[in-house]
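Report on the following structure.
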Amino acid sequence: MGGFRFDWRWVALIAFVAILANASTLPWAVVALTLGVSGGYLLWLAWRAWGIGGGGRGDSRRVTYWRGQRIETAGPTRRYRPRTWEELAPIALYGLVGLALVLGAIAVLARNL
């Protein structure tokens, strides 16, 4: 039986939309910080999905049991690289939207300083 799963990303998305909807009444620093943090998070997701960021996939150990003894050997690197356009599309989308949000934060910061 499945339990209730809480995902904090929905709360972050609702807060992001609420801050952008009230951007004209909020201080510019809050808007710039929101754009920068959300853009940085999307860039980090794209970096990790591309396989550069690791996430524990690069260093793998292979464990074999032979006659009751445990033998650890260095296994092949399990670095996943996207190869088709269908695998690259979400990474490109995360990267481009994240880059646009970070550039928007820089523009808000430059306009007000």
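Identifiers for the structure tokens are assigned positionally: chains receive A, B, ... in sequence, residues are indexed from 1 per chain, and ligands are indexed from 1 in the order shown.
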
What lies within 6 Å of segment 37-43 of chain A using only C-alpha atoms, ignoring chain neighbours under 6 positions off, as a PDB file with N, CA and C atoms, in the first residue's frame?
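Contents of selection23.pdb, freshly written:
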```pdb
ATOM      1  N   TYR A  94      16.691  21.833 -19.319  1.00  0.00           N
ATOM      2  CA  TYR A  94      17.126  22.263 -17.980  1.00  0.00           C
ATOM      3  C   TYR A  94      18.238  23.299 -18.086  1.00  0.00           C
ATOM      4  N   GLY A  95      19.194  23.032 -18.947  1.00  0.00           N
ATOM      5  CA  GLY A  95      20.336  23.935 -19.073  1.00  0.00           C
ATOM      6  C   GLY A  95      19.946  25.299 -19.619  1.00  0.00           C
ATOM      7  N   GLY A  98      17.694  27.158 -17.047  1.00  0.00           N
ATOM      8  CA  GLY A  98      18.539  27.555 -15.924  1.00  0.00           C
ATOM      9  C   GLY A  98      19.453  28.710 -16.283  1.00  0.00           C
ATOM     10  N   LEU A 101      17.398  31.897 -16.435  1.00  0.00           N
ATOM     11  CA  LEU A 101      17.066  32.414 -15.102  1.00  0.00           C
ATOM     12  C   LEU A 101      18.276  33.069 -14.438  1.00  0.00           C
ATOM     13  N   VAL A 102      19.458  32.466 -14.594  1.00  0.00           N
ATOM     14  CA  VAL A 102      20.664  33.066 -14.011  1.00  0.00           C
ATOM     15  C   VAL A 102      20.980  34.391 -14.703  1.00  0.00           C
TER      16      VAL A 102
END
```

One residue among A:Thr25, A:Arg48, A:Arg70, A:Trp10 is nearest to Pro90 of chain A when using only C-alpha atoms, and that residue is A:Arg48
